[in-house]
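Shown below: model.tsv, with TSV, C-alpha atoms.
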chain	number	residue	atom	x	y	z
A	1	MET	CA	3.88	-3.19	11.18
A	2	LYS	CA	4.25	-2.30	7.53
A	3	LEU	CA	1.53	0.33	7.53
A	4	PRO	CA	3.41	2.84	9.73
A	5	ILE	CA	6.49	2.50	7.52
A	6	VAL	CA	4.46	3.20	4.41
A	7	LEU	CA	2.76	6.15	6.08
A	8	LEU	CA	6.10	7.52	7.24
A	9	ALA	CA	7.53	7.21	3.75
A	10	VAL	CA	4.56	8.95	2.17
A	11	VAL	CA	4.68	11.78	4.70
A	12	ALA	CA	8.43	12.19	4.20
A	13	LEU	CA	8.03	12.32	0.44
A	14	ALA	CA	5.25	14.85	0.75
A	15	VAL	CA	7.35	17.04	3.03
A	16	ALA	CA	10.32	16.86	0.66
A	17	ALA	CA	8.11	17.73	-2.32
A	18	ARG	CA	6.69	20.69	-0.46
A	19	PHE	CA	10.16	22.04	0.32
A	20	LEU	CA	11.24	21.57	-3.28
A	21	ILE	CA	8.25	23.61	-4.41
A	22	SER	CA	8.92	26.32	-1.83
A	23	ASP	CA	12.58	26.44	-2.93
A	24	ARG	CA	11.47	26.99	-6.49
A	25	ASP	CA	9.10	29.73	-5.41
A	26	ALA	CA	11.83	31.31	-3.30
A	27	ALA	CA	14.09	31.39	-6.32
A	28	ARG	CA	11.51	33.59	-8.00
A	29	GLU	CA	11.62	36.09	-5.16
A	30	PRO	CA	15.13	37.53	-5.17
A	31	GLN	CA	13.94	40.78	-6.68
A	32	ALA	CA	11.48	41.33	-3.91
A	33	ARG	CA	14.12	40.47	-1.33
A	34	ALA	CA	16.60	42.74	-3.00
A	35	GLN	CA	14.29	45.61	-2.17
A	36	GLU	CA	14.48	44.93	1.56
A	37	PRO	CA	17.47	47.21	2.11
A	38	ALA	CA	15.75	49.92	0.13
A	39	ARG	CA	12.70	49.65	2.31
A	40	ALA	CA	14.88	49.75	5.37
A	41	ALA	CA	16.65	52.76	3.95
A	42	SER	CA	13.40	54.56	3.45
A	43	ARG	CA	12.74	54.25	7.16
A	44	ALA	CA	16.21	55.05	8.24
A	45	SER	CA	17.38	58.35	9.52
A	46	ARG	CA	20.76	59.26	10.82
A	47	PRO	CA	20.86	60.49	14.35
A	48	PRO	CA	23.85	60.92	16.64
A	49	ILE	CA	26.61	58.44	15.91
A	50	ALA	CA	29.43	60.53	14.55
A	51	PRO	CA	27.25	63.61	14.15
A	52	GLN	CA	29.66	65.06	11.62
A	53	LEU	CA	28.21	62.59	9.16
A	54	ALA	CA	25.05	63.78	7.54
A	55	VAL	CA	23.29	60.69	6.36
A	56	ALA	CA	20.62	60.75	3.77
A	57	THR	CA	19.71	57.12	3.39
A	58	ARG	CA	18.05	57.26	0.05
A	59	VAL	CA	18.85	54.24	-2.02
A	60	THR	CA	18.51	53.87	-5.73
A	61	ALA	CA	16.22	50.92	-5.38
A	62	ASP	CA	15.23	50.98	-9.01
A	63	ARG	CA	18.66	50.05	-10.23
A	64	ARG	CA	18.98	47.32	-7.60
A	65	ASN	CA	15.93	45.37	-8.55
A	66	ASP	CA	17.78	42.98	-10.79
A	67	GLU	CA	20.11	41.92	-8.00
A	68	PRO	CA	20.02	38.26	-7.02
A	69	ALA	CA	20.30	39.27	-3.40
A	70	VAL	CA	18.89	36.37	-1.44
A	71	ALA	CA	19.71	36.37	2.22
A	72	GLY	CA	21.99	33.51	3.04
A	73	ALA	CA	22.62	32.31	-0.46
A	74	ALA	CA	25.07	33.24	-3.13
A	75	PRO	CA	23.46	33.23	-6.56
A	76	ALA	CA	23.76	29.97	-8.40
A	77	SER	CA	25.81	30.77	-11.45
A	78	ALA	CA	28.23	28.81	-13.55
A	79	ALA	CA	30.24	31.93	-14.31
A	80	PRO	CA	33.07	32.67	-11.89
A	81	ALA	CA	32.58	35.69	-9.66
A	82	PRO	CA	34.42	38.77	-10.91
A	83	SER	CA	37.62	39.67	-9.13
A	84	SER	CA	38.03	42.93	-7.27
A	85	ALA	CA	40.34	44.16	-10.05
A	86	GLU	CA	37.62	43.49	-12.62
A	87	VAL	CA	35.10	45.37	-10.52
A	88	ARG	CA	37.56	48.27	-10.23
A	89	ASP	CA	38.00	48.40	-13.99
A	90	ARG	CA	34.25	48.31	-14.63
A	91	LEU	CA	33.62	51.07	-12.12
A	92	GLU	CA	36.30	53.15	-13.80
A	93	GLY	CA	34.45	52.74	-17.09
A	94	VAL	CA	31.12	53.70	-15.53
A	95	PHE	CA	32.71	56.71	-13.86
A	96	ARG	CA	34.38	57.94	-17.05
A	97	ALA	CA	31.13	57.58	-19.01
A	98	GLU	CA	28.98	59.49	-16.54
A	99	PRO	CA	27.69	62.92	-17.43
A	100	VAL	CA	28.75	65.54	-14.92
A	101	ASP	CA	26.24	67.00	-12.50
A	102	ALA	CA	28.12	70.26	-12.07
A	103	ALA	CA	26.40	71.51	-8.94
A	104	TRP	CA	26.64	68.24	-7.02
A	105	SER	CA	30.11	67.47	-8.31
A	106	LEU	CA	31.55	70.75	-7.08
A	107	SER	CA	29.94	70.43	-3.68
A	108	ALA	CA	30.97	66.79	-3.30
A	109	VAL	CA	34.60	67.43	-4.21
A	110	ARG	CA	34.71	70.26	-1.69
A	111	THR	CA	33.25	68.02	1.04
A	112	LEU	CA	35.64	65.17	0.33
A	113	ASP	CA	38.64	67.47	0.15
A	114	GLY	CA	37.69	68.87	3.52
A	115	LYS	CA	37.47	65.46	5.18
A	116	LEU	CA	40.30	63.55	3.56
A	117	GLY	CA	43.11	65.40	5.31
A	118	ALA	CA	42.03	64.20	8.74
A	119	LEU	CA	41.61	60.61	7.61
A	120	LEU	CA	44.91	60.10	5.81
A	121	PRO	CA	47.92	58.65	7.62
A	122	ALA	CA	50.87	61.03	7.91
A	123	ARG	CA	52.81	59.54	5.00
A	124	SER	CA	49.81	59.40	2.65
A	125	SER	CA	48.56	61.99	0.20
A	126	VAL	CA	45.60	62.72	-2.06
A	127	ARG	CA	46.43	62.52	-5.76
A	128	SER	CA	43.00	63.48	-7.07
A	129	VAL	CA	39.35	63.88	-6.10
A	130	ASP	CA	36.80	63.92	-8.88
A	131	CYS	CA	33.03	63.61	-8.88
A	132	ARG	CA	30.76	63.32	-11.89
A	133	GLY	CA	27.07	62.34	-11.95
A	134	SER	CA	26.54	59.65	-9.32
A	135	LEU	CA	30.05	58.61	-8.35
A	136	CYS	CA	33.15	60.18	-6.91
A	137	ARG	CA	36.65	58.90	-7.57
A	138	ILE	CA	39.45	59.40	-5.07
A	139	GLU	CA	43.03	58.49	-5.84
A	140	THR	CA	45.43	58.34	-2.91
A	141	SER	CA	49.07	57.41	-2.42
A	142	HIS	CA	50.43	55.63	0.64
A	143	ALA	CA	53.93	54.87	1.82
A	144	ASP	CA	53.10	51.18	2.20
A	145	VAL	CA	50.26	48.70	2.39
A	146	ASN	CA	49.87	49.16	6.15
A	147	ASP	CA	49.25	52.88	5.71
A	148	TYR	CA	46.73	52.12	3.00
A	149	ARG	CA	44.87	49.72	5.30
A	150	ASP	CA	44.89	52.34	8.06
A	151	PHE	CA	43.31	54.76	5.61
A	152	VAL	CA	40.59	52.25	4.68
A	153	GLN	CA	39.86	51.59	8.34
A	154	ARG	CA	39.58	55.29	9.13
A	155	ALA	CA	37.75	56.46	6.02
A	156	PHE	CA	35.32	53.60	5.45
A	157	LEU	CA	35.10	51.44	8.57
A	158	GLY	CA	35.61	53.77	11.51
A	159	GLN	CA	33.77	56.28	13.62
A	160	ILE	CA	34.48	59.18	11.27
A	161	GLU	CA	33.64	57.95	7.81
A	162	LEU	CA	34.41	59.87	4.66
A	163	TRP	CA	30.70	59.77	4.03
A	164	ASN	CA	27.99	57.19	4.25
A	165	ALA	CA	27.47	55.48	0.89
A	166	GLY	CA	28.24	52.36	-1.05
A	167	PHE	CA	31.92	52.30	-1.89
A	168	PHE	CA	34.69	50.28	-3.49
A	169	VAL	CA	38.39	50.74	-2.78
A	170	ASN	CA	41.40	48.88	-4.19
A	171	VAL	CA	44.99	49.30	-5.30
A	172	LEU	CA	45.58	50.51	-8.85
A	173	SER	CA	48.34	47.96	-9.32
A	174	ASP	CA	49.99	45.28	-7.25
A	175	PRO	CA	52.13	46.85	-4.52
A	176	THR	CA	55.90	46.81	-5.01
A	177	PRO	CA	58.11	46.85	-1.90
A	178	GLY	CA	59.70	50.26	-1.43
A	179	GLN	CA	57.30	51.95	-3.83
A	180	PRO	CA	54.22	54.01	-2.89
A	181	VAL	CA	50.92	52.18	-2.96
A	182	VAL	CA	48.52	54.04	-5.25
A	183	THR	CA	44.86	53.31	-4.65
A	184	VAL	CA	41.48	54.29	-6.01
A	185	ALA	CA	38.12	54.57	-4.29
A	186	TYR	CA	34.72	54.95	-5.91
A	187	LEU	CA	31.95	56.34	-3.74
A	188	ALA	CA	28.27	56.56	-4.53
A	189	ARG	CA	26.47	59.76	-3.67
A	190	GLU	CA	25.95	60.08	0.05
A	191	GLY	CA	23.23	57.71	1.23
A	192	GLN	CA	23.16	55.80	-2.05
A	193	SER	CA	24.37	52.45	-3.32
A	194	LEU	CA	27.05	51.53	-5.83
A	195	PRO	CA	26.00	50.35	-9.31
A	196	SER	CA	24.99	46.71	-9.02
A	197	HIS	CA	27.26	43.94	-10.24
A	198	ASP	CA	24.57	43.04	-12.73
A	199	SER	CA	24.70	46.49	-14.22
A	200	LEU	CA	28.51	46.37	-14.28
A	201	PHE	CA	28.82	42.91	-15.79
A	202	GLY	CA	25.46	42.34	-17.41
A	203	ALA	CA	22.76	40.19	-15.91
A	204	PRO	CA	23.05	36.51	-16.84
B	1	MET	CA	6.45	-5.60	-0.07
B	2	THR	CA	8.34	-4.14	-2.98
B	3	LEU	CA	6.32	-0.96	-2.78
B	4	THR	CA	7.03	-0.70	0.92
B	5	ARG	CA	10.75	-1.10	0.38
B	6	ALA	CA	10.75	1.40	-2.45
B	7	LEU	CA	8.90	3.99	-0.42
B	8	SER	CA	11.13	3.38	2.56
B	9	VAL	CA	14.25	3.89	0.44
B	10	LEU	CA	12.80	7.06	-1.05
B	11	ALA	CA	11.84	8.32	2.38
B	12	ILE	CA	15.47	8.50	3.51
B	13	PRO	CA	16.56	11.21	1.06
B	14	GLY	CA	13.18	12.84	1.50
B	15	LEU	CA	13.68	13.18	5.22
B	16	ALA	CA	17.26	14.29	4.71
B	17	MET	CA	16.13	17.05	2.34
B	18	ALA	CA	13.43	18.13	4.71
B	19	ILE	CA	15.93	18.39	7.57
B	20	ALA	CA	18.63	20.02	5.47
B	21	HIS	CA	16.18	22.55	4.08
B	22	GLY	CA	15.91	24.32	7.39
B	23	THR	CA	19.66	24.83	7.66
B	24	SER	CA	20.53	25.85	4.11
B	25	GLN	CA	18.41	28.97	3.83
B	26	ALA	CA	20.39	31.32	6.02
B	27	ARG	CA	23.09	31.58	8.58
B	28	SER	CA	23.04	33.42	11.84
B	29	LEU	CA	25.56	34.34	14.50
B	30	LEU	CA	25.27	35.99	17.84
B	31	PRO	CA	27.38	39.07	18.55
B	32	SER	CA	29.59	37.17	20.97
B	33	ALA	CA	31.28	35.86	17.83
B	34	GLY	CA	32.53	39.35	16.97
B	35	ARG	CA	34.74	41.84	18.74
B	36	ALA	CA	35.71	45.47	19.07
B	37	VAL	CA	38.02	46.67	16.30
B	38	GLY	CA	40.37	48.45	18.68
B	39	PRO	CA	42.09	46.35	21.36
B	40	ALA	CA	41.55	49.15	23.86
B	41	ASP	CA	37.81	48.75	23.30
B	42	TYR	CA	37.57	45.02	23.98
B	43	GLY	CA	36.05	45.70	27.39
B	44	CYS	CA	33.43	48.02	25.99
B	45	PHE	CA	31.18	45.30	24.62
B	46	VAL	CA	29.39	43.38	27.34
B	47	LEU	CA	27.26	40.32	26.74
B	48	SER	CA	23.87	39.85	28.34
B	49	GLY	CA	21.92	36.80	27.30
B	50	SER	CA	24.32	36.77	24.35
B	51	THR	CA	23.12	40.14	23.14
B	52	MET	CA	25.90	42.71	23.15
B	53	THR	CA	25.90	46.24	24.52
B	54	ASN	CA	28.47	49.03	24.37
B	55	VAL	CA	29.03	50.17	27.94
B	56	CYS	CA	31.70	52.74	27.12
B	57	GLY	CA	30.89	56.42	26.96
B	58	VAL	CA	31.43	56.94	23.26
B	59	THR	CA	30.70	55.24	19.97
B	60	LYS	CA	32.72	52.06	19.45
B	61	VAL	CA	33.33	49.99	16.34
B	62	TRP	CA	32.41	46.31	16.40
B	63	GLU	CA	33.08	43.74	13.69
B	64	MET	CA	32.28	40.12	13.00
B	65	ALA	CA	33.51	37.82	10.24
B	66	LEU	CA	30.72	36.14	8.27
B	67	PRO	CA	31.31	32.56	7.13
B	68	THR	CA	30.08	32.09	3.57
B	69	ASP	CA	29.53	29.10	1.34
B	70	GLY	CA	30.33	30.61	-2.02
B	71	ASP	CA	31.10	33.71	-4.03
B	72	GLY	CA	28.40	36.16	-4.89
B	73	HIS	CA	26.06	38.67	-3.47
B	74	TYR	CA	24.95	38.48	0.14
B	75	SER	CA	22.30	40.34	2.05
B	76	VAL	CA	23.22	40.76	5.71
B	77	THR	CA	20.77	41.76	8.43
B	78	VAL	CA	21.87	42.98	11.83
B	79	THR	CA	19.09	43.11	14.39
B	80	ALA	CA	19.85	45.86	16.88
B	81	GLN	CA	18.15	48.21	19.27
B	82	GLY	CA	18.59	51.41	21.20
B	83	ALA	CA	16.58	53.39	23.70
B	84	ASN	CA	16.82	56.70	21.86
B	85	THR	CA	18.75	58.57	19.20
B	86	ALA	CA	21.74	58.85	21.51
B	87	THR	CA	22.02	55.05	21.70
B	88	ASN	CA	22.05	54.35	18.00
B	89	VAL	CA	23.57	51.46	16.08
B	90	GLY	CA	24.69	51.65	12.42
B	91	CYS	CA	25.85	48.63	10.47
B	92	ALA	CA	27.01	47.59	7.01
B	93	ALA	CA	28.26	44.43	5.34
B	94	PHE	CA	31.61	44.46	3.55
B	95	GLY	CA	33.48	42.23	1.19
B	96	ILE	CA	37.27	41.95	1.23
B	97	ASP	CA	39.35	40.40	-1.53
B	98	ARG	CA	41.85	37.61	-1.02
B	99	ALA	CA	44.84	39.95	-1.17
B	100	GLY	CA	43.43	42.09	1.63
B	101	LEU	CA	43.72	45.10	-0.64
B	102	GLY	CA	40.17	45.58	-1.91
B	103	TRP	CA	37.06	46.36	0.12
B	104	ALA	CA	33.53	47.21	-0.86
B	105	SER	CA	30.05	47.68	0.50
B	106	ASP	CA	27.15	47.97	-1.90
B	107	ASP	CA	24.98	50.05	0.37
B	108	PRO	CA	25.36	52.88	2.82
B	109	ARG	CA	25.52	51.99	6.48
B	110	ARG	CA	22.03	51.57	7.98
B	111	PHE	CA	21.15	53.14	11.31
B	112	LEU	CA	18.30	52.52	13.69
B	113	SER	CA	15.25	54.60	12.99
B	114	VAL	CA	12.98	53.07	15.64
B	115	PHE	CA	13.93	53.42	19.28
B	116	ASN	CA	12.46	52.65	22.73
B	117	ASN	CA	14.53	49.45	22.69
B	118	THR	CA	12.52	47.99	19.84
B	119	ALA	CA	14.58	45.52	17.82
B	120	GLU	CA	15.05	46.67	14.24
B	121	ASP	CA	16.60	44.96	11.22
B	122	LEU	CA	19.45	46.80	9.50
B	123	THR	CA	20.01	45.18	6.11
B	124	THR	CA	22.84	45.91	3.69
B	125	ARG	CA	24.44	44.00	0.85
B	126	ALA	CA	27.97	43.19	-0.16
B	127	TRP	CA	29.74	41.13	-2.78
B	128	LYS	CA	31.93	38.23	-1.74
B	129	TRP	CA	34.71	37.88	-4.30
B	130	GLY	CA	36.44	34.66	-5.21
B	131	GLY	CA	38.80	33.64	-2.44
B	132	GLY	CA	37.85	36.66	-0.37
B	133	GLY	CA	35.67	37.06	2.68
B	134	MET	CA	32.86	39.02	4.24
B	135	PHE	CA	32.31	40.82	7.49
B	136	VAL	CA	29.86	43.13	9.16
B	137	ASN	CA	30.93	46.36	10.85
B	138	CYS	CA	28.77	48.32	13.30
B	139	LEU	CA	29.12	51.68	14.99
B	140	VAL	CA	27.56	51.25	18.42
B	141	ASP	CA	26.74	54.17	20.70
B	142	LEU	CA	26.77	53.92	24.47
B	143	ASN	CA	24.01	51.46	25.47
B	144	GLY	CA	23.35	50.52	21.85
B	145	ARG	CA	22.69	46.82	21.56
B	146	VAL	CA	23.30	44.18	18.86
B	147	ASN	CA	21.10	41.09	19.13
B	148	VAL	CA	21.87	38.84	16.19
B	149	VAL	CA	23.26	38.81	12.64
B	150	ASN	CA	21.54	36.88	9.85
B	151	TRP	CA	22.70	36.40	6.25

Would you mind writing the file out in structure tokens?
Amino acid sequence: MKLPIVLLAVVALAVAARFLISDRDAAREPQARAQEPARAASRASRPPIAPQLAVATRVTADRRNDEPAVAGAAPASAAPAPSSAEVRDRLEGVFRAEPVDAAWSLSAVRTLDGKLGALLPARSSVRSVDCRGSLCRIETSHADVNDYRDFVQRAFLGQIELWNAGFFVNVLSDPTPGQPVVTVAYLAREGQSLPSHDSLFGAP
Amino acid sequence: MTLTRALSVLAIPGLAMAIAHGTSQARSLLPSAGRAVGPADYGCFVLSGSTMTNVCGVTKVWEMALPTDGDGHYSVTVTAQGANTATNVGCAAFGIDRAGLGWASDDPRRFLSVFNNTAEDLTTRAWKWGGGGMFVNCLVDLNGRVNVVNW
């Protein structure tokens, strides 16, 4: 009677120990898993959906390798996650510090200028479009928050995207009723990813 | 006797950990949990064995909210398929802040590169900010199919 209980306990302990070990090993693998999207990108091509979008799905895998991107798990960290405003401010710093790739910058600004008009709601306008080395910065003004959200839906989440790349978009300051909503978007080069949070905030 | 009791007591958390292990590694949802972005397109996505196909003549946008357990970086994989390049599916994961004013996706949208109705994983990453949320957004051509989302 007692023997099965002992055997059950030993087996259960062994199973638990094995999972603990595999968890520890898995924690050592985030870098490898972070490369999964890059591998997928290397296979990807961009056929017909919204053919106006040329999609070069090259990803800067090298600068993503320090990401703690583990499927299904947020990284265990005592530090609070940065807010979207903090991310915006860091991206602004990265953008301002970038050397300009004149040839790409000129071409990218021209492309974005050409597409933005069709994606903006009627009461919205473009304040500036600027591209440097790996990022573009677009500042837009909207009559209200609803128009801004329409713009985001059209430009980044809809059938006719601005272009296909990692992006970040946010308001420049908290909206005030009756005042235009001024927003900023940072876009990676087409087919590429945004700078990682680790590179923006420093790896722990 | 004492040893037996001790082992039995230890076995309980051991078994609990072993069971919990299988559920803490990842989450998954079937596409029936999502919906078309435009109300006029609700009828375009038809379920078959809980996989989802766009039966309308043009590309439609489909989204699904992703429950998350904490802030941080998530890798989201949509498994999709299409018969050919005209039945493509392109997906990306997005984070949205708590004010509903900030959005971001780390990676470009991924599209199918293998066809003949072979299921392919489309993986992208996004940051879930404090108090915010995450979702996945897919552009689905006519007869493009979404099978499952894992993150």

Please identify every residue of chain B that has at least one atom no farther than 7 Å from an atom of chain A, counting only C-alpha atoms, and for each give the shortest atom pair and the distance in Å to one decimal, arranged by chain then increasing number, as JSON lines.
{"residue": "B:Thr4", "atom": "CA", "partner": "A:Val6", "partner_atom": "CA", "distance": 5.8}
{"residue": "B:Leu7", "atom": "CA", "partner": "A:Ala9", "partner_atom": "CA", "distance": 5.4}
{"residue": "B:Ser8", "atom": "CA", "partner": "A:Ala9", "partner_atom": "CA", "distance": 5.4}
{"residue": "B:Ala11", "atom": "CA", "partner": "A:Ala9", "partner_atom": "CA", "distance": 4.7}
{"residue": "B:Gly14", "atom": "CA", "partner": "A:Ala16", "partner_atom": "CA", "distance": 5.0}
{"residue": "B:Leu15", "atom": "CA", "partner": "A:Ala12", "partner_atom": "CA", "distance": 5.4}
{"residue": "B:Met17", "atom": "CA", "partner": "A:Ala16", "partner_atom": "CA", "distance": 6.1}
{"residue": "B:Ala18", "atom": "CA", "partner": "A:Ala16", "partner_atom": "CA", "distance": 5.3}
{"residue": "B:Gln25", "atom": "CA", "partner": "A:Gly72", "partner_atom": "CA", "distance": 5.8}
{"residue": "B:Ala26", "atom": "CA", "partner": "A:Gly72", "partner_atom": "CA", "distance": 4.0}
{"residue": "B:Arg27", "atom": "CA", "partner": "A:Gly72", "partner_atom": "CA", "distance": 6.0}
{"residue": "B:Thr59", "atom": "CA", "partner": "A:Ile49", "partner_atom": "CA", "distance": 6.6}
{"residue": "B:Val61", "atom": "CA", "partner": "A:Gly158", "partner_atom": "CA", "distance": 6.5}
{"residue": "B:Gly70", "atom": "CA", "partner": "A:Ala74", "partner_atom": "CA", "distance": 6.0}
{"residue": "B:Asp71", "atom": "CA", "partner": "A:Ala74", "partner_atom": "CA", "distance": 6.1}
{"residue": "B:Gly72", "atom": "CA", "partner": "A:Ala74", "partner_atom": "CA", "distance": 4.8}
{"residue": "B:His73", "atom": "CA", "partner": "A:Ala74", "partner_atom": "CA", "distance": 5.5}
{"residue": "B:Tyr74", "atom": "CA", "partner": "A:Ala69", "partner_atom": "CA", "distance": 5.9}
{"residue": "B:Ser75", "atom": "CA", "partner": "A:Ala71", "partner_atom": "CA", "distance": 4.7}
{"residue": "B:Val76", "atom": "CA", "partner": "A:Ala71", "partner_atom": "CA", "distance": 6.6}
{"residue": "B:Thr85", "atom": "CA", "partner": "A:Pro47", "partner_atom": "CA", "distance": 5.6}
{"residue": "B:Ala86", "atom": "CA", "partner": "A:Pro48", "partner_atom": "CA", "distance": 5.7}
{"residue": "B:Asn88", "atom": "CA", "partner": "A:Ile49", "partner_atom": "CA", "distance": 6.5}
{"residue": "B:Asp97", "atom": "CA", "partner": "A:Ser84", "partner_atom": "CA", "distance": 6.4}
{"residue": "B:Leu101", "atom": "CA", "partner": "A:Asn170", "partner_atom": "CA", "distance": 5.7}
{"residue": "B:Gly102", "atom": "CA", "partner": "A:Asn170", "partner_atom": "CA", "distance": 4.2}
{"residue": "B:Trp103", "atom": "CA", "partner": "A:Val169", "partner_atom": "CA", "distance": 5.4}
{"residue": "B:Ala104", "atom": "CA", "partner": "A:Phe168", "partner_atom": "CA", "distance": 4.2}
{"residue": "B:Ser105", "atom": "CA", "partner": "A:Gly166", "partner_atom": "CA", "distance": 5.3}
{"residue": "B:Asp106", "atom": "CA", "partner": "A:Gly166", "partner_atom": "CA", "distance": 4.6}
{"residue": "B:Asp107", "atom": "CA", "partner": "A:Gly166", "partner_atom": "CA", "distance": 4.2}
{"residue": "B:Pro108", "atom": "CA", "partner": "A:Ala165", "partner_atom": "CA", "distance": 3.9}
{"residue": "B:Arg109", "atom": "CA", "partner": "A:Asn164", "partner_atom": "CA", "distance": 6.2}
{"residue": "B:Arg110", "atom": "CA", "partner": "A:Ala44", "partner_atom": "CA", "distance": 6.8}
{"residue": "B:Phe111", "atom": "CA", "partner": "A:Ala44", "partner_atom": "CA", "distance": 6.1}
{"residue": "B:Leu112", "atom": "CA", "partner": "A:Ala44", "partner_atom": "CA", "distance": 6.4}
{"residue": "B:Ser113", "atom": "CA", "partner": "A:Ala44", "partner_atom": "CA", "distance": 4.9}
{"residue": "B:Leu122", "atom": "CA", "partner": "A:Ala40", "partner_atom": "CA", "distance": 6.8}
{"residue": "B:Thr123", "atom": "CA", "partner": "A:Pro37", "partner_atom": "CA", "distance": 5.2}
{"residue": "B:Thr124", "atom": "CA", "partner": "A:Pro37", "partner_atom": "CA", "distance": 5.7}
{"residue": "B:Trp129", "atom": "CA", "partner": "A:Ser83", "partner_atom": "CA", "distance": 5.9}
{"residue": "B:Gly130", "atom": "CA", "partner": "A:Ala81", "partner_atom": "CA", "distance": 6.0}
{"residue": "B:Asn137", "atom": "CA", "partner": "A:Leu157", "partner_atom": "CA", "distance": 7.0}
{"residue": "B:Leu139", "atom": "CA", "partner": "A:Gln159", "partner_atom": "CA", "distance": 6.7}
{"residue": "B:Asp141", "atom": "CA", "partner": "A:Ile49", "partner_atom": "CA", "distance": 6.4}
{"residue": "B:Trp151", "atom": "CA", "partner": "A:Gly72", "partner_atom": "CA", "distance": 4.4}

Legend entry - Distance in Å - CA of Asp121 (chain B) versus CA of Val78 (chain B):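 We find that CA of Asp121 (chain B) and CA of Val78 (chain B) lie 5.7 Å from each other.
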
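Across B:Ile96, B:Leu66, B:Val89, B:Leu47, the tightest approach to Val140 (chain B) is made by B:Val89 when counting all atoms listed in the file.
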
Legend entry - Counting only C-alpha atoms, the option among B:Gly57, B:Gly144, B:Pro67, B:Gly131 closest to Ser28 (chain B):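 Between B:Gly57, B:Gly144, B:Pro67, B:Gly131, the residue approaching Ser28 (chain B) most closely is B:Pro67.
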
Inset, instruction - Mind giving me the straight-line distance from CA of Gly82 (chain B) to CA of Phe115 (chain B) in Å, one decimal? - result: 5.4 Å

Legend entry - Pick from B:Gly133, B:Thr68, B:Cys56, B:Asn84, whichever lies nearest to Cys44 (chain B) using all atoms listed in the file: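 So, comparing all the options, the nearest one is B:Cys56.
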
Inset, instruction - Can you pull out every residue within 7 Å of Ala36 (chain B), counting all atoms listed in the file, but drop anything in the same chain fewer than 2 positions away, and send it as a PyMOL selection string? - result: chain B and resi 38-39+41-42+61-63

Legend entry - Gap from CA of Arg35 (chain B) to CA of Val136 (chain B) - Å, one decimal: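 Rounded to one decimal, the two atoms are 10.8 Å apart.
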
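Proximity ranking of B:Phe94, B:Met64, B:Asn54, B:Asn116 relative to Leu142 (chain B) places B:Asn54 first, based on only C-alpha atoms.
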
Could you put an axis-aligned box around every listed atom of region 31-44 of chain B, padded by 8 Å on each side, and send me its centre and edge lengths in Å to one decimal, as AutoDock Vina command-line options?
--center_x 34.7 --center_y 42.5 --center_z 21.8 --size_x 30.7 --size_y 29.3 --size_z 27.1
